[in-house]
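Structure data (compact mmCIF, C-alpha atoms) from my_file.txt:
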# COMPACT_ATOMS: atom_id res chain seq x y z
CA MET A 1 48.87 -17.31 -8.34
CA LYS A 2 47.70 -17.55 -11.95
CA GLN A 3 44.15 -17.24 -13.25
CA MET A 4 42.85 -18.95 -16.38
CA ALA A 5 39.33 -18.50 -17.73
CA VAL A 6 37.71 -20.96 -20.13
CA VAL A 7 35.12 -19.19 -22.27
CA SER A 8 33.27 -19.61 -25.55
CA GLY A 9 31.60 -17.23 -27.96
CA LYS A 10 28.51 -19.45 -28.00
CA GLY A 11 26.91 -22.11 -25.85
CA GLY A 12 27.20 -25.85 -26.40
CA THR A 13 30.85 -26.00 -27.43
CA GLY A 14 31.84 -28.36 -24.59
CA LYS A 15 33.40 -25.70 -22.38
CA THR A 16 32.30 -27.09 -19.02
CA SER A 17 33.24 -30.67 -19.96
CA ILE A 18 36.73 -29.43 -20.81
CA VAL A 19 36.97 -27.45 -17.56
CA ALA A 20 36.11 -30.60 -15.58
CA SER A 21 38.95 -32.46 -17.31
CA LEU A 22 41.38 -29.59 -16.69
CA ALA A 23 40.27 -29.67 -13.05
CA ALA A 24 41.13 -33.36 -12.87
CA LEU A 25 44.57 -32.69 -14.33
CA ALA A 26 45.15 -29.78 -11.93
CA SER A 27 43.87 -31.76 -8.95
CA GLY A 28 45.29 -30.53 -5.66
CA ARG A 29 46.89 -27.46 -7.22
CA ALA A 30 43.93 -25.23 -8.10
CA VAL A 31 40.68 -23.63 -7.04
CA PHE A 32 37.81 -24.04 -9.50
CA ALA A 33 35.29 -21.24 -10.02
CA ASP A 34 32.01 -21.75 -11.89
CA CYS A 35 31.26 -18.24 -13.16
CA ASP A 36 28.36 -19.26 -15.40
CA VAL A 37 26.05 -18.05 -12.64
CA ASP A 38 22.92 -17.88 -14.82
CA ALA A 39 23.13 -21.60 -15.65
CA PRO A 40 25.83 -23.26 -13.52
CA ASP A 41 26.54 -26.91 -14.33
CA LEU A 42 30.15 -27.61 -13.37
CA HIS A 43 28.82 -29.12 -10.13
CA LEU A 44 27.21 -31.93 -12.15
CA LEU A 45 30.68 -33.31 -12.91
CA LEU A 46 32.66 -32.23 -9.84
CA CYS A 47 29.92 -33.23 -7.36
CA PRO A 48 31.03 -30.70 -4.73
CA GLU A 49 30.00 -30.87 -1.08
CA ILE A 50 28.93 -27.42 0.15
CA ARG A 51 30.90 -26.12 3.14
CA GLU A 52 29.86 -22.46 3.23
CA GLU A 53 26.98 -20.41 1.82
CA ARG A 54 26.96 -16.63 1.37
CA PRO A 55 24.01 -14.43 0.37
CA PHE A 56 24.19 -12.30 -2.77
CA TYR A 57 22.34 -9.03 -2.97
CA GLY A 58 21.76 -7.68 -6.46
CA ILE A 59 20.11 -4.41 -7.43
CA LYS A 60 18.23 -2.37 -4.84
CA ARG A 61 14.45 -2.33 -5.19
CA ALA A 62 11.85 0.15 -4.02
CA PHE A 63 9.79 -0.14 -0.85
CA ILE A 64 6.96 2.23 0.14
CA ASP A 65 6.53 3.10 3.81
CA ALA A 66 2.74 2.95 4.22
CA ASP A 67 2.82 5.12 7.37
CA GLN A 68 4.64 7.92 5.54
CA CYS A 69 2.90 7.60 2.15
CA THR A 70 0.26 10.27 1.36
CA GLN A 71 -1.05 8.27 -1.64
CA CYS A 72 -0.53 11.18 -4.00
CA GLY A 73 0.09 8.80 -6.91
CA SER A 74 3.32 10.45 -8.11
CA CYS A 75 5.29 7.20 -7.87
CA GLN A 76 2.70 5.21 -9.82
CA ASP A 77 2.59 7.82 -12.58
CA ALA A 78 6.38 7.97 -12.85
CA CYS A 79 7.08 4.21 -12.87
CA ARG A 80 7.55 3.13 -16.51
CA PHE A 81 7.69 -0.54 -15.52
CA SER A 82 4.19 -0.61 -13.95
CA ALA A 83 5.77 -1.93 -10.77
CA ILE A 84 3.61 0.10 -8.38
CA ALA A 85 -0.08 -0.64 -7.90
CA GLY A 86 -2.22 0.15 -4.88
CA PHE A 87 0.77 2.06 -3.49
CA LYS A 88 2.71 -1.17 -3.13
CA VAL A 89 5.76 -2.29 -5.11
CA ASP A 90 5.72 -5.49 -7.17
CA LEU A 91 9.33 -6.64 -6.68
CA ASP A 92 9.18 -8.87 -9.76
CA ARG A 93 8.54 -5.81 -11.93
CA CYS A 94 10.77 -3.31 -10.12
CA GLU A 95 14.01 -2.56 -12.01
CA GLY A 96 15.57 -0.57 -9.19
CA CYS A 97 15.85 2.67 -11.19
CA GLY A 98 14.84 4.82 -8.18
CA VAL A 99 12.57 7.23 -10.07
CA CYS A 100 9.76 6.63 -7.59
CA LYS A 101 12.06 7.71 -4.77
CA LEU A 102 13.03 10.89 -6.63
CA VAL A 103 9.45 12.01 -7.32
CA CYS A 104 7.93 11.16 -3.93
CA PRO A 105 7.14 14.46 -2.14
CA ALA A 106 6.67 12.72 1.21
CA GLU A 107 9.99 10.80 1.01
CA ALA A 108 8.07 7.60 1.66
CA VAL A 109 10.03 5.46 -0.80
CA ARG A 110 13.18 3.64 0.26
CA MET A 111 15.60 1.61 -1.87
CA ARG A 112 16.38 -1.70 -0.20
CA GLU A 113 18.79 -4.50 -1.01
CA SER A 114 17.09 -7.64 -2.24
CA LEU A 115 18.39 -11.20 -1.93
CA ALA A 116 19.18 -12.31 -5.49
CA GLY A 117 21.08 -15.57 -5.03
CA HIS A 118 23.76 -17.40 -3.11
CA ALA A 119 27.47 -18.14 -3.52
CA PHE A 120 29.00 -21.36 -2.23
CA ILE A 121 32.39 -22.66 -1.15
CA SER A 122 32.57 -26.41 -1.61
CA ASP A 123 35.00 -29.32 -1.64
CA SER A 124 35.30 -31.73 -4.57
CA ARG A 125 37.46 -34.75 -5.33
CA PHE A 126 39.82 -32.42 -7.27
CA GLY A 127 39.95 -29.54 -4.81
CA PRO A 128 37.95 -26.51 -3.62
CA VAL A 129 35.11 -25.21 -5.80
CA VAL A 130 33.47 -21.78 -5.66
CA HIS A 131 30.12 -21.60 -7.40
CA ALA A 132 26.87 -19.65 -7.24
CA GLU A 133 23.19 -19.66 -8.02
CA LEU A 134 21.40 -16.56 -9.30
CA PHE A 135 17.65 -16.61 -8.70
CA PRO A 136 15.52 -16.76 -11.91
CA GLY A 137 14.90 -13.34 -13.44
CA GLU A 138 17.45 -11.54 -11.26
CA GLU A 139 19.86 -8.89 -12.50
CA ALA A 140 23.53 -8.12 -11.78
CA SER A 141 24.98 -11.46 -12.89
CA GLY A 142 28.31 -9.70 -13.54
CA LYS A 143 28.38 -8.56 -9.91
CA LEU A 144 27.84 -12.14 -8.75
CA VAL A 145 30.64 -13.36 -11.05
CA ALA A 146 32.96 -10.79 -9.46
CA MET A 147 31.95 -12.10 -6.02
CA VAL A 148 32.68 -15.72 -7.03
CA ARG A 149 36.08 -14.78 -8.43
CA GLU A 150 37.03 -12.83 -5.31
CA MET A 151 36.07 -15.78 -3.13
CA ALA A 152 38.13 -18.10 -5.36
CA ARG A 153 41.19 -15.86 -5.12
CA GLU A 154 40.87 -15.70 -1.34
CA MET A 155 40.60 -19.48 -1.19
CA ALA A 156 43.67 -19.95 -3.41
CA ALA A 157 45.70 -17.54 -1.29
CA ALA A 158 44.57 -19.17 1.97
CA ARG A 159 45.50 -22.66 0.77
CA ASN A 160 48.61 -21.56 -1.12
CA LEU A 161 47.33 -22.93 -4.45
CA GLU A 162 48.91 -21.83 -7.69
CA LEU A 163 45.93 -21.63 -10.07
CA VAL A 164 42.37 -20.35 -10.22
CA LEU A 165 40.53 -22.15 -13.04
CA ILE A 166 37.41 -20.29 -14.15
CA ASP A 167 34.48 -21.76 -16.05
CA GLY A 168 33.04 -18.66 -17.71
CA SER A 169 29.69 -17.91 -19.31
CA PRO A 170 29.11 -18.32 -23.06
CA GLY A 171 28.77 -15.28 -25.29
CA ILE A 172 30.38 -11.85 -24.93
CA GLY A 173 28.10 -10.13 -22.39
CA CYS A 174 28.61 -8.68 -18.92
CA PRO A 175 29.20 -11.99 -17.04
CA VAL A 176 31.80 -12.99 -19.65
CA ILE A 177 33.67 -9.71 -19.26
CA ALA A 178 33.50 -10.13 -15.47
CA SER A 179 34.93 -13.65 -15.90
CA LEU A 180 37.81 -12.42 -18.08
CA THR A 181 38.90 -9.23 -16.33
CA GLY A 182 42.44 -9.53 -15.01
CA VAL A 183 43.06 -13.18 -15.93
CA ASP A 184 46.48 -14.34 -17.07
CA LEU A 185 45.14 -16.55 -19.87
CA ALA A 186 41.85 -17.10 -21.65
CA LEU A 187 41.11 -20.42 -23.34
CA VAL A 188 38.39 -20.03 -25.96
CA VAL A 189 36.55 -23.25 -26.83
CA THR A 190 35.07 -23.33 -30.31
CA GLU A 191 33.78 -25.85 -32.85
CA PRO A 192 34.17 -26.12 -36.66
CA THR A 193 30.77 -24.71 -37.60
CA ILE A 194 29.68 -21.44 -39.17
CA THR A 195 28.30 -20.16 -35.88
CA GLY A 196 31.34 -21.42 -33.99
CA GLU A 197 33.70 -19.56 -36.32
CA HIS A 198 31.61 -16.37 -36.21
CA ASP A 199 31.34 -16.31 -32.41
CA LEU A 200 35.01 -17.17 -32.03
CA GLN A 201 35.84 -13.93 -33.82
CA ARG A 202 33.57 -12.00 -31.45
CA ILE A 203 35.13 -13.38 -28.28
CA LEU A 204 38.64 -12.89 -29.70
CA ASP A 205 37.71 -9.25 -30.27
CA VAL A 206 36.79 -9.04 -26.58
CA THR A 207 40.02 -10.60 -25.31
CA ASP A 208 42.02 -8.45 -27.71
CA HIS A 209 40.24 -5.32 -26.48
CA PHE A 210 41.18 -6.10 -22.88
CA GLY A 211 44.71 -7.19 -23.78
CA ILE A 212 44.26 -10.75 -22.48
CA ASP A 213 46.64 -13.48 -23.61
CA THR A 214 44.47 -16.03 -25.45
CA ALA A 215 44.58 -19.61 -26.70
CA VAL A 216 41.98 -21.58 -28.65
CA CYS A 217 40.68 -25.14 -28.38
CA ILE A 218 38.87 -26.64 -31.38
CA ASN A 219 36.43 -29.22 -30.06
CA LYS A 220 35.23 -32.03 -32.37
CA TYR A 221 37.69 -30.74 -34.94
CA ASP A 222 37.46 -33.87 -37.12
CA LEU A 223 33.72 -33.48 -37.80
CA HIS A 224 34.46 -30.72 -40.33
CA LEU A 225 38.12 -30.54 -41.26
CA ALA A 226 37.62 -27.65 -43.70
CA GLY A 227 35.99 -25.61 -40.93
CA SER A 228 38.81 -26.47 -38.55
CA ARG A 229 41.35 -25.30 -41.11
CA ARG A 230 39.51 -21.97 -41.45
CA ILE A 231 39.63 -21.53 -37.68
CA GLU A 232 43.33 -22.36 -37.62
CA SER A 233 43.95 -19.80 -40.38
CA LEU A 234 41.98 -17.21 -38.43
CA CYS A 235 44.04 -17.90 -35.31
CA GLN A 236 47.27 -17.69 -37.29
CA GLU A 237 46.25 -14.31 -38.70
CA ARG A 238 45.46 -13.03 -35.22
CA GLU A 239 48.59 -14.63 -33.70
CA VAL A 240 46.55 -16.80 -31.33
CA LEU A 241 47.81 -20.22 -30.26
CA VAL A 242 45.64 -23.23 -31.11
CA ALA A 243 46.41 -25.14 -27.94
CA GLY A 244 44.10 -28.11 -28.49
CA ARG A 245 42.35 -30.09 -31.21
CA LEU A 246 39.90 -32.52 -29.63
CA PRO A 247 38.43 -35.36 -31.70
CA PHE A 248 34.80 -36.44 -31.69
CA HIS A 249 34.54 -39.64 -29.66
CA SER A 250 31.98 -41.63 -27.66
CA SER A 251 34.15 -41.48 -24.51
CA VAL A 252 32.77 -37.99 -23.85
CA VAL A 253 29.21 -39.33 -23.64
CA GLU A 254 30.38 -42.25 -21.49
CA ALA A 255 32.01 -39.80 -19.07
CA MET A 256 28.89 -37.63 -18.85
CA VAL A 257 26.69 -40.65 -18.15
CA GLN A 258 28.99 -41.67 -15.29
CA GLY A 259 29.22 -38.11 -13.95
CA LYS A 260 32.97 -38.01 -14.50
CA SER A 261 35.45 -35.92 -16.44
CA VAL A 262 36.72 -37.28 -19.76
CA VAL A 263 40.28 -37.73 -18.53
CA GLU A 264 39.00 -40.06 -15.79
CA ILE A 265 37.54 -42.30 -18.51
CA GLY A 266 40.50 -42.23 -20.89
CA GLY A 267 40.57 -42.44 -24.67
CA PRO A 268 41.67 -40.16 -27.52
CA VAL A 269 39.84 -37.09 -26.19
CA ALA A 270 41.45 -37.49 -22.78
CA THR A 271 44.88 -37.73 -24.43
CA ALA A 272 44.23 -34.58 -26.47
CA ILE A 273 43.07 -32.68 -23.37
CA SER A 274 46.18 -33.77 -21.46
CA ASP A 275 48.39 -32.49 -24.29
CA MET A 276 46.45 -29.22 -24.31
CA TYR A 277 46.82 -28.89 -20.55
CA ASN A 278 50.59 -29.20 -20.86
CA ALA A 279 50.63 -26.53 -23.59
CA LEU A 280 48.51 -24.20 -21.45
CA CYS A 281 50.79 -24.69 -18.44
CA GLU A 282 53.77 -23.73 -20.58
CA LYS A 283 51.94 -20.62 -21.79
CA LEU A 284 51.06 -19.64 -18.23

Output the file's structure in the form of C-alpha cells.
Amino acid sequence: MKQMAVVSGKGGTGKTSIVASLAALASGRAVFADCDVDAPDLHLLLCPEIREERPFYGIKRAFIDADQCTQCGSCQDACRFSAIAGFKVDLDRCEGCGVCKLVCPAEAVRMRESLAGHAFISDSRFGPVVHAELFPGEEASGKLVAMVREMAREMAAARNLELVLIDGSPGIGCPVIASLTGVDLALVVTEPTITGEHDLQRILDVTDHFGIDTAVCINKYDLHLAGSRRIESLCQEREVLVAGRLPFHSSVVEAMVQGKSVVEIGGPVATAISDMYNALCEKL
C-alpha cells in the first residue's frame, strides 16, 4: 500500500479540485482521505454516501463536582482564560490546561473528554472516502487528521487497495504535518504568483525536513509564464520533480458547476492531469 498526500503552502491553489480528478483516475484502486478537517470540501465533488460515523474526542476540559466543591475560589483565581465563573466551567473558554485541577484543595475538579467532531466512512462513485468534521472552535485538528488517516489505512488494507490518496490542509501547520507524516509521496500544488512561490518554498522546507519524496504541480501555469519559470528553476535547484503544468481553462469552472471532477468533463486541463497522474504513478 502506498500513501500520497496532496498539499499546498497556501489556500486556493486548486488542491481539492486536483485531488478529485486524481480520485477519478484511481477509481476502484484507492481510498480517499479528506484531511482538511477544519474546512473539508472534497465531499462536494465526490458526493459520498455515509456508511459509518465515529465520534472524535479532542482535548479534555474541566468539570467541577458541585457536591465536592468547597467554593474556595482557588480555581477561579488560577484560570487565566476566565473559564470559571460561579464555580462552573464555561466549556467554550476552557483550554484544557488542567491548572484548576492542580490547585483545587478539595479535588473537586475532573478533566473530562469532550466531543469535538465526527469522522465518517463513506462510499463514492470512485471508491471509499474517509472524511471528518471538526466542530467550530475546537482544538486538536492534527489528532483528528491522524484518526482519519488511520481509518483510511485500515479501509485500504481490508479491501486490498493499493493507494491511500490524501487531501491535506493548506499551509504548514499541525494538520499539514499530520497529513504528511509517513507518506510515500507528497504532491505540492502551487500557482505562479508571488505568494504561491513564497509558500511553495515553505512547504518544500517541511517535506525536506521530514525526508518526504516530493513533486510539484503548477496550476494555471500559463497565466504568468515568468512566474512559472521561477518556480521551475526553484524546483530544479532543490531537485524536485515538476510533475504537472495545468493550463487555465473554463472546463474547471464547468466541472465545479456540475459537481464533477475535471477529468470527467474533459479538455486540456483533464489531459494535463492525466499526464501528471501517470508521472506520479511512476514515481510511486

message = Would you pick out the contacts of Asp65 in chain A at 12 Å or less, using only C-alpha atoms, so that residues sharing its chain but fewer than 2 positions from it are not included, and give the list as a PyMOL selection string?
response = chain A and resi 62-63+67-71+87-89+101+104+106-112

task = Work out how far CA of Ile177 in chain A is from CA of Val130 in chain A, in Å to one decimal.
result =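 CA of Ile177 in chain A lies 18.2 Å from CA of Val130 in chain A.
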
request  = Return the single residue from A:Ala186, A:Val253, A:Leu204, A:Pro128 that is closest to Ile231 in chain A, with distances computed using only C-alpha atoms.
outcome  =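 The shortest atom-to-atom distance to Ile231 in chain A comes from A:Leu204.
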
Nearest to Leu91 in chain A by atom-to-atom distance, counting only C-alpha atoms, from A:Arg61, A:Lys10, A:Arg153, A:His198 =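 Distance minimum relative to Leu91 in chain A lands on A:Arg61.
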
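Of the listed residues (A:Cys235, A:Met1, A:Ala255, A:Cys79), A:Met1 comes nearest to Arg29 in chain A; the distances count all atoms listed in the file.
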
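If only C-alpha atoms are the atoms counted, then among A:Glu197, A:Glu282, A:Glu113, A:Asp205 the closest residue to Gly58 in chain A is A:Glu113.
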
inquiry  = With distances taken over only C-alpha atoms, which residue among A:Val257, A:Ala119, A:Ile166, A:Met147 lies nearest Ile18 in chain A?
reply    =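 Smallest distance to Ile18 in chain A is found for A:Ile166.
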
remark   = The distance between CA of Ala24 in chain A and CA of Ala178 in chain A is 24.6 Å

ask   = In terms of the shortest atom-to-atom distance over all atoms listed in the file, which of A:Leu115, A:Leu284, A:Val164, A:Ala215 is closest to Cys35 in chain A?
value = A:Val164
